[in-house]
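S.K.: You'll find start.pdb just under this line, and it carries PDB, C-alpha atoms.
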ATOM      1  CA  ASP A   1     102.916  53.637 135.856
ATOM      2  CA  VAL A   2     101.041  56.344 137.699
ATOM      3  CA  LYS A   3     101.988  56.568 141.327
ATOM      4  CA  VAL A   4      99.671  58.136 143.887
ATOM      5  CA  THR A   5     101.209  58.232 147.338
ATOM      6  CA  GLN A   6      99.351  58.874 150.561
ATOM      7  CA  SER A   7     101.474  59.901 153.488
ATOM      8  CA  SER A   8     100.177  57.366 156.032
ATOM      9  CA  ARG A   9      98.554  53.934 155.831
ATOM     10  CA  TYR A  10      97.288  54.126 159.410
ATOM     11  CA  LEU A  11      96.652  57.165 161.584
ATOM     12  CA  VAL A  12      95.200  57.557 165.064
ATOM     13  CA  LYS A  13      94.137  60.975 166.301
ATOM     14  CA  ARG A  14      92.045  62.402 169.108
ATOM     15  CA  THR A  15      88.727  64.228 168.972
ATOM     16  CA  GLY A  16      89.196  67.932 168.332
ATOM     17  CA  GLU A  17      92.627  67.627 166.744
ATOM     18  CA  LYS A  18      93.428  69.181 163.386
ATOM     19  CA  VAL A  19      94.354  66.360 161.008
ATOM     20  CA  PHE A  20      96.214  66.574 157.709
ATOM     21  CA  LEU A  21      96.126  63.807 155.105
ATOM     22  CA  GLU A  22      98.633  64.279 152.303
ATOM     23  CA  CYS A  23      98.507  62.946 148.758
ATOM     24  CA  VAL A  24     101.129  63.254 146.020
ATOM     25  CA  GLN A  25     100.939  62.078 142.406
ATOM     26  CA  ASP A  26     103.822  61.847 139.976
ATOM     27  CA  MET A  27     102.091  61.895 136.576
ATOM     28  CA  ASP A  28     101.305  65.580 136.156
ATOM     29  CA  HIS A  29      97.568  64.930 136.415
ATOM     30  CA  GLU A  30      95.334  67.979 136.560
ATOM     31  CA  ASN A  31      92.490  66.359 138.518
ATOM     32  CA  MET A  32      92.789  65.174 142.096
ATOM     33  CA  PHE A  33      90.117  63.754 144.379
ATOM     34  CA  TRP A  34      89.517  62.806 147.994
ATOM     35  CA  TYR A  35      87.048  60.043 148.911
ATOM     36  CA  ARG A  36      86.058  58.341 152.107
ATOM     37  CA  GLN A  37      85.111  54.677 152.114
ATOM     38  CA  ASP A  38      82.698  53.154 154.605
ATOM     39  CA  PRO A  39      81.254  49.606 154.625
ATOM     40  CA  GLY A  40      78.049  49.345 152.639
ATOM     41  CA  LEU A  41      78.386  52.881 151.279
ATOM     42  CA  GLY A  42      81.197  52.490 148.777
ATOM     43  CA  LEU A  43      83.355  55.523 148.066
ATOM     44  CA  ARG A  44      81.924  58.977 148.579
ATOM     45  CA  LEU A  45      83.487  62.110 147.132
ATOM     46  CA  ILE A  46      84.590  64.727 149.649
ATOM     47  CA  TYR A  47      86.412  67.335 147.524
ATOM     48  CA  PHE A  48      88.078  67.530 144.150
ATOM     49  CA  SER A  49      90.396  69.902 142.332
ATOM     50  CA  TYR A  50      91.059  70.644 138.661
ATOM     51  CA  ASP A  51      94.050  72.873 139.091
ATOM     52  CA  VAL A  52      96.374  74.504 141.544
ATOM     53  CA  LYS A  53      94.574  76.603 144.165
ATOM     54  CA  MET A  54      91.248  75.424 142.825
ATOM     55  CA  LYS A  55      88.778  73.224 144.746
ATOM     56  CA  GLU A  56      85.200  72.040 144.431
ATOM     57  CA  LYS A  57      82.936  70.446 147.002
ATOM     58  CA  GLY A  58      81.924  66.870 146.431
ATOM     59  CA  ASP A  59      79.007  65.001 147.917
ATOM     60  CA  ILE A  60      80.050  65.094 151.589
ATOM     61  CA  PRO A  61      82.303  68.133 152.236
ATOM     62  CA  GLU A  62      81.040  68.987 155.723
ATOM     63  CA  GLY A  63      83.785  68.916 158.335
ATOM     64  CA  TYR A  64      86.578  68.851 155.744
ATOM     65  CA  SER A  65      88.666  71.323 153.786
ATOM     66  CA  VAL A  66      91.394  70.881 151.169
ATOM     67  CA  SER A  67      94.487  72.592 149.905
ATOM     68  CA  ARG A  68      96.214  72.409 146.529
ATOM     69  CA  GLU A  69      99.261  74.676 146.502
ATOM     70  CA  LYS A  70     101.177  72.572 143.975
ATOM     71  CA  LYS A  71      99.880  70.532 141.053
ATOM     72  CA  GLU A  72     101.193  67.251 142.394
ATOM     73  CA  ARG A  73      99.944  67.624 145.973
ATOM     74  CA  PHE A  74      96.393  67.602 147.345
ATOM     75  CA  SER A  75      95.837  67.767 151.097
ATOM     76  CA  LEU A  76      92.720  66.886 153.040
ATOM     77  CA  ILE A  77      92.206  68.703 156.329
ATOM     78  CA  LEU A  78      89.947  67.765 159.198
ATOM     79  CA  GLU A  79      89.664  71.069 161.036
ATOM     80  CA  SER A  80      88.416  69.527 164.302
ATOM     81  CA  ALA A  81      88.331  65.764 164.104
ATOM     82  CA  SER A  82      85.260  63.919 165.344
ATOM     83  CA  THR A  83      84.642  60.214 165.911
ATOM     84  CA  ASN A  84      82.262  60.029 162.917
ATOM     85  CA  GLN A  85      85.217  60.834 160.684
ATOM     86  CA  THR A  86      86.810  57.500 161.488
ATOM     87  CA  SER A  87      87.054  55.934 158.057
ATOM     88  CA  MET A  88      89.243  54.860 155.161
ATOM     89  CA  TYR A  89      90.356  57.847 153.056
ATOM     90  CA  LEU A  90      91.383  57.408 149.440
ATOM     91  CA  CYS A  91      93.093  59.917 147.186
ATOM     92  CA  ALA A  92      92.896  59.677 143.385
ATOM     93  CA  SER A  93      94.149  61.539 140.338
ATOM     94  CA  SER A  94      93.303  61.648 136.634
ATOM     95  CA  LEU A  95      93.974  63.562 133.444
ATOM     96  CA  VAL A  96      91.655  66.457 132.707
ATOM     97  CA  GLU A  97      90.379  64.858 129.511
ATOM     98  CA  THR A  98      89.610  61.514 131.086
ATOM     99  CA  SER A  99      87.289  59.919 128.480
ATOM    100  CA  ASN A 100      88.149  56.252 128.937
ATOM    101  CA  GLN A 101      90.957  56.837 131.416
ATOM    102  CA  PRO A 102      90.401  55.672 134.979
ATOM    103  CA  GLN A 103      91.154  57.474 138.161
ATOM    104  CA  HIS A 104      94.338  56.241 139.795
ATOM    105  CA  PHE A 105      94.214  55.649 143.517
ATOM    106  CA  GLY A 106      96.619  55.692 146.408
ATOM    107  CA  ASP A 107      96.739  52.854 148.919
ATOM    108  CA  GLY A 108      94.435  54.650 151.347
ATOM    109  CA  THR A 109      94.746  55.945 154.904
ATOM    110  CA  ARG A 110      92.838  54.201 157.686
ATOM    111  CA  LEU A 111      92.064  57.020 160.100
ATOM    112  CA  SER A 112      90.800  56.390 163.619
ATOM    113  CA  ILE A 113      89.528  59.252 165.740
ATOM    114  CA  LEU A 114      89.420  58.417 169.444
TER     115      LEU A 114
ATOM    116  CA  ALA B   1      71.258  62.570 140.494
ATOM    117  CA  GLN B   2      73.430  59.801 139.195
ATOM    118  CA  LYS B   3      73.477  56.601 141.181
ATOM    119  CA  ILE B   4      75.096  53.176 141.049
ATOM    120  CA  THR B   5      73.385  50.114 142.526
ATOM    121  CA  GLN B   6      75.121  46.843 143.328
ATOM    122  CA  THR B   7      72.534  44.511 144.819
ATOM    123  CA  GLN B   8      74.886  41.689 145.849
ATOM    124  CA  PRO B   9      76.710  42.519 149.099
ATOM    125  CA  GLY B  10      78.550  39.195 148.931
ATOM    126  CA  MET B  11      79.090  36.420 146.403
ATOM    127  CA  PHE B  12      80.738  33.004 146.477
ATOM    128  CA  VAL B  13      82.156  31.194 143.477
ATOM    129  CA  GLN B  14      84.052  27.964 143.056
ATOM    130  CA  GLU B  15      87.568  28.239 141.711
ATOM    131  CA  LYS B  16      87.728  27.956 137.878
ATOM    132  CA  GLU B  17      84.051  28.816 137.455
ATOM    133  CA  ALA B  18      82.661  32.044 135.969
ATOM    134  CA  VAL B  19      80.869  34.639 138.064
ATOM    135  CA  THR B  20      78.749  37.693 137.244
ATOM    136  CA  LEU B  21      78.700  40.763 139.479
ATOM    137  CA  ASP B  22      75.675  42.995 138.961
ATOM    138  CA  CYS B  23      75.697  46.749 138.447
ATOM    139  CA  THR B  24      72.830  49.018 137.480
ATOM    140  CA  TYR B  25      73.086  52.757 137.059
ATOM    141  CA  ASP B  26      70.846  55.758 136.849
ATOM    142  CA  THR B  27      71.668  58.828 134.808
ATOM    143  CA  SER B  28      69.965  61.227 132.439
ATOM    144  CA  ASP B  29      73.219  62.170 130.723
ATOM    145  CA  PRO B  30      73.676  60.772 127.194
ATOM    146  CA  SER B  31      77.437  60.587 127.645
ATOM    147  CA  TYR B  32      78.942  58.649 130.514
ATOM    148  CA  GLY B  33      81.577  56.064 131.277
ATOM    149  CA  LEU B  34      81.378  52.969 133.433
ATOM    150  CA  PHE B  35      84.343  51.499 135.299
ATOM    151  CA  TRP B  36      84.984  48.469 137.453
ATOM    152  CA  TYR B  37      87.589  48.423 140.208
ATOM    153  CA  LYS B  38      88.932  45.622 142.389
ATOM    154  CA  GLN B  39      89.976  46.260 145.974
ATOM    155  CA  PRO B  40      91.898  43.419 147.667
ATOM    156  CA  SER B  41      92.130  43.272 151.442
ATOM    157  CA  SER B  42      95.328  45.337 151.264
ATOM    158  CA  GLY B  43      93.197  48.327 150.278
ATOM    159  CA  GLU B  44      94.489  49.535 146.908
ATOM    160  CA  MET B  45      91.962  50.194 144.139
ATOM    161  CA  ILE B  46      92.836  48.378 140.932
ATOM    162  CA  PHE B  47      91.196  49.448 137.673
ATOM    163  CA  LEU B  48      89.811  46.481 135.734
ATOM    164  CA  ILE B  49      87.701  47.538 132.767
ATOM    165  CA  TYR B  50      85.928  50.469 131.111
ATOM    166  CA  GLN B  51      82.767  50.818 129.011
ATOM    167  CA  GLY B  52      81.745  54.035 127.267
ATOM    168  CA  SER B  53      78.087  54.865 126.748
ATOM    169  CA  TYR B  54      78.577  55.095 122.990
ATOM    170  CA  ASP B  55      80.673  51.939 122.642
ATOM    171  CA  GLN B  56      79.021  49.471 120.308
ATOM    172  CA  GLN B  57      80.751  46.402 121.677
ATOM    173  CA  ASN B  58      81.049  45.022 125.172
ATOM    174  CA  ALA B  59      84.442  45.674 126.723
ATOM    175  CA  THR B  60      86.830  42.806 127.440
ATOM    176  CA  GLU B  61      90.161  42.713 129.299
ATOM    177  CA  GLY B  62      91.655  39.264 129.712
ATOM    178  CA  ARG B  63      89.398  37.256 132.047
ATOM    179  CA  TYR B  64      87.157  40.274 132.604
ATOM    180  CA  SER B  65      84.267  41.213 130.366
ATOM    181  CA  LEU B  66      81.457  43.658 130.722
ATOM    182  CA  ASN B  67      77.875  42.736 129.845
ATOM    183  CA  PHE B  68      76.608  46.186 128.872
ATOM    184  CA  GLN B  69      72.860  46.524 128.347
ATOM    185  CA  LYS B  70      72.230  50.206 127.757
ATOM    186  CA  ALA B  71      68.451  50.068 127.584
ATOM    187  CA  ARG B  72      68.325  48.275 130.927
ATOM    188  CA  LYS B  73      71.051  50.557 132.350
ATOM    189  CA  SER B  74      73.114  47.642 133.501
ATOM    190  CA  ALA B  75      76.861  46.974 133.262
ATOM    191  CA  ASN B  76      77.558  43.602 134.829
ATOM    192  CA  LEU B  77      81.122  42.373 135.284
ATOM    193  CA  VAL B  78      81.839  38.794 134.239
ATOM    194  CA  ILE B  79      84.951  37.089 135.570
ATOM    195  CA  SER B  80      85.788  33.868 133.775
ATOM    196  CA  ALA B  81      87.817  31.005 135.249
ATOM    197  CA  SER B  82      87.884  32.442 138.792
ATOM    198  CA  GLN B  83      91.121  32.286 140.733
ATOM    199  CA  LEU B  84      91.741  32.460 144.478
ATOM    200  CA  GLY B  85      93.388  35.833 143.933
ATOM    201  CA  ASP B  86      90.089  37.209 142.635
ATOM    202  CA  SER B  87      88.739  37.281 146.192
ATOM    203  CA  ALA B  88      88.213  41.000 146.853
ATOM    204  CA  MET B  89      85.704  43.846 146.928
ATOM    205  CA  TYR B  90      84.505  44.926 143.497
ATOM    206  CA  PHE B  91      83.170  48.395 142.820
ATOM    207  CA  CYS B  92      81.194  49.649 139.861
ATOM    208  CA  ALA B  93      81.622  53.359 139.148
ATOM    209  CA  MET B  94      80.246  55.922 136.709
ATOM    210  CA  ARG B  95      82.026  58.998 135.447
ATOM    211  CA  ARG B  96      79.848  62.056 135.841
ATOM    212  CA  ASP B  97      80.564  64.101 132.727
ATOM    213  CA  ASN B  98      78.390  66.960 133.812
ATOM    214  CA  TYR B  99      79.972  67.168 137.240
ATOM    215  CA  GLY B 100      83.637  67.607 136.698
ATOM    216  CA  GLN B 101      84.368  64.154 135.400
ATOM    217  CA  ASN B 102      84.494  62.744 138.870
ATOM    218  CA  PHE B 103      83.077  59.349 139.725
ATOM    219  CA  VAL B 104      80.117  58.032 141.657
ATOM    220  CA  PHE B 105      80.650  54.581 143.148
ATOM    221  CA  GLY B 106      78.353  51.744 144.081
ATOM    222  CA  PRO B 107      78.454  50.107 147.545
ATOM    223  CA  GLY B 108      80.521  47.204 146.270
ATOM    224  CA  THR B 109      80.282  43.409 146.151
ATOM    225  CA  ARG B 110      82.577  41.175 148.176
ATOM    226  CA  LEU B 111      83.585  38.157 146.099
ATOM    227  CA  SER B 112      84.965  35.057 147.766
ATOM    228  CA  VAL B 113      86.520  32.355 145.583
ATOM    229  CA  LEU B 114      86.389  28.893 147.137
ATOM    230  CA  PRO B 115      89.086  26.262 146.488
TER     231      PRO B 115
END
Could you express the structure from this file as structure tokens?

M.R.:
Amino acid sequence: DVKVTQSSRYLVKRTGEKVFLECVQDMDHENMFWYRQDPGLGLRLIYFSYDVKMKEKGDIPEGYSVSREKKERFSLILESASTNQTSMYLCASSLVETSNQPQHFGDGTRLSIL
Amino acid sequence: AQKITQTQPGMFVQEKEAVTLDCTYDTSDPSYGLFWYKQPSSGEMIFLIYQGSYDQQNATEGRYSLNFQKARKSANLVISASQLGDSAMYFCAMRRDNYGQNFVFGPGTRLSVLP
């Protein structure tokens, strides 16, 4: 089975801090994704990556950056955390030729910015 | 822009009965894929079922089936013989083939199964 591991289930940080959310997958997937989930809005795509050192903006990239130095690891960075970034963050991965293959998700990180 | 609509914020169903969760989508792409995920209160996203835009038959996976009506742009999830463990959030998603194969998700439907 595909395993996508997010470094923390719960995280509390303060306004203005630099926050790192880590995601690791063990199935050699080319694609990796970061979403945030808010009630009534579903999942919204922040950034995605097709390959090492490659990144593309999703639908809501403002206030975030990402890093993909190794194929299995995709990091989400909040450069200066703000209270409106309090949310559930989900990482996902998939094969490059997805066709009928789903994205595989981690368990999520509930991030609170105080 | 592609969009997924789920008009039912919450649904109730009696245990052992069938339930239909609605999903409509908007896209101008001829090739796309539709997925349903389940998210229990613990937070993990569990893939349930897939329907391709060119598939001739409706997808089925155990107690899950997809009522795919392409002309109406709808892909409703049918859960037969509901169980208490089916209580969860359910998300409909569409793969965006012309945008890096990433997904756009609907707002979700919270299903509660009553004993």

S.K.: With all atoms listed in the file as the counted atoms, please give the residues lying no more than 7 Å from Thr5 of chain A, apart from itself and same-chain residues fewer than 2 positions off, as a list of chain:residue names.

M.R.: A:Lys3, A:Ser7, A:Cys23, A:Val24, A:Gln25, A:Gly106

S.K.: Please identify all residues of chain B having at least one atom at most 7 Å from any atom of chain A, considering all atoms listed in the file, and return them as a short mmCIF file (atom, residue, chain, number, x, y, z; two decimals) with C-alpha atoms, in the coordinates of the input.

M.R.:
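Result file follows (selection_8.cif):
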data_model
loop_
_atom_site.label_atom_id
_atom_site.label_comp_id
_atom_site.auth_asym_id
_atom_site.auth_seq_id
_atom_site.Cartn_x
_atom_site.Cartn_y
_atom_site.Cartn_z
CA GLY B 33 81.58 56.06 131.28
CA GLY B 43 93.20 48.33 150.28
CA GLU B 44 94.49 49.54 146.91
CA MET B 45 91.96 50.19 144.14
CA PHE B 47 91.20 49.45 137.67
CA TYR B 50 85.93 50.47 131.11
CA GLY B 52 81.74 54.04 127.27
CA PHE B 105 80.65 54.58 143.15
CA GLY B 106 78.35 51.74 144.08
CA PRO B 107 78.45 50.11 147.54
CA GLY B 108 80.52 47.20 146.27
#

S.K.: Could you state which residues are captured by the PyMOL selection byres ((chain B and resi 93) around 8) in this file, as a list in words?

M.R.: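 With the PyMOL selection byres ((chain B and resi 93) around 8) on this model, the match is Ile4, Leu34, Phe35, Trp36, Tyr37, Phe91, Cys92, Met94, Arg95, Phe103, Val104, Phe105 and Gly106 of chain B.
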
S.K.: For this file, the PyMOL selection byres ((chain A and resi 72) around 9) selects which residues, as a list in words?

M.R.: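 Those residues are Cys23, Val24, Gln25, Asp26, Met27, Asp28, His29, Glu30, Met32, Val52, Arg68, Glu69, Lys70, Lys71, Arg73 and Phe74 of chain A.
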
S.K.: With distances taken over all atoms listed in the file, which residue among A:Ile113, A:Leu11, A:Val4, A:Met54 lies nearest Val66 of chain A?

M.R.: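 Of all the options, A:Met54 lies closest to Val66 of chain A.
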
S.K.: How far is it from atom CA of Ala81 of chain A to atom CA of Lys53 of chain A, in Å with one decimal?

M.R.: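 Going from atom CA of Ala81 of chain A over to atom CA of Lys53 of chain A covers 23.5 Å.
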
S.K.: Any idea what the distance is between atom CA of Ile60 of chain A and atom CA of Arg36 of chain A?

M.R.: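 Computing the Euclidean distance for atom CA of Ile60 of chain A and atom CA of Arg36 of chain A yields 9.1 Å.
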
S.K.: Just the number, please: distance in Å from atom CA of Arg96 of chain B to atom CA of Cys23 of chain B, one decimal.

M.R.: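 Rounded to one decimal, the two atoms are 16.1 Å apart.
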
S.K.: The centre and edge lengths of an axis-aligned box containing all atoms of segment 22-39 of chain B present in the file, extended by 8 Å on each side, are to be given in Å to one decimal, as lines of an AutoDock Vina configuration file.

M.R.:
center_x = 80.0
center_y = 52.6
center_z = 136.6
size_x = 36.0
size_y = 35.2
size_z = 34.8

S.K.: Suppose a student applies the PyMOL selection byres ((chain B and resi 18) around 9) to this structure; what residues should they get, written as a list in words?

M.R.: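 Applying the PyMOL selection byres ((chain B and resi 18) around 9) to the structure shown produces Val13, Gln14, Glu15, Lys16, Glu17, Val19, Thr20, Val78, Ile79, Ser80, Ala81 and Ser82 of chain B.
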
S.K.: Counting all atoms listed in the file, figure out which residue out of A:Gln85, A:Ser112, A:Ser75, A:Gln6 gets nearest to Gly63 of chain A.

M.R.: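 Looking at the shortest contact to Gly63 of chain A, the residue is A:Gln85.
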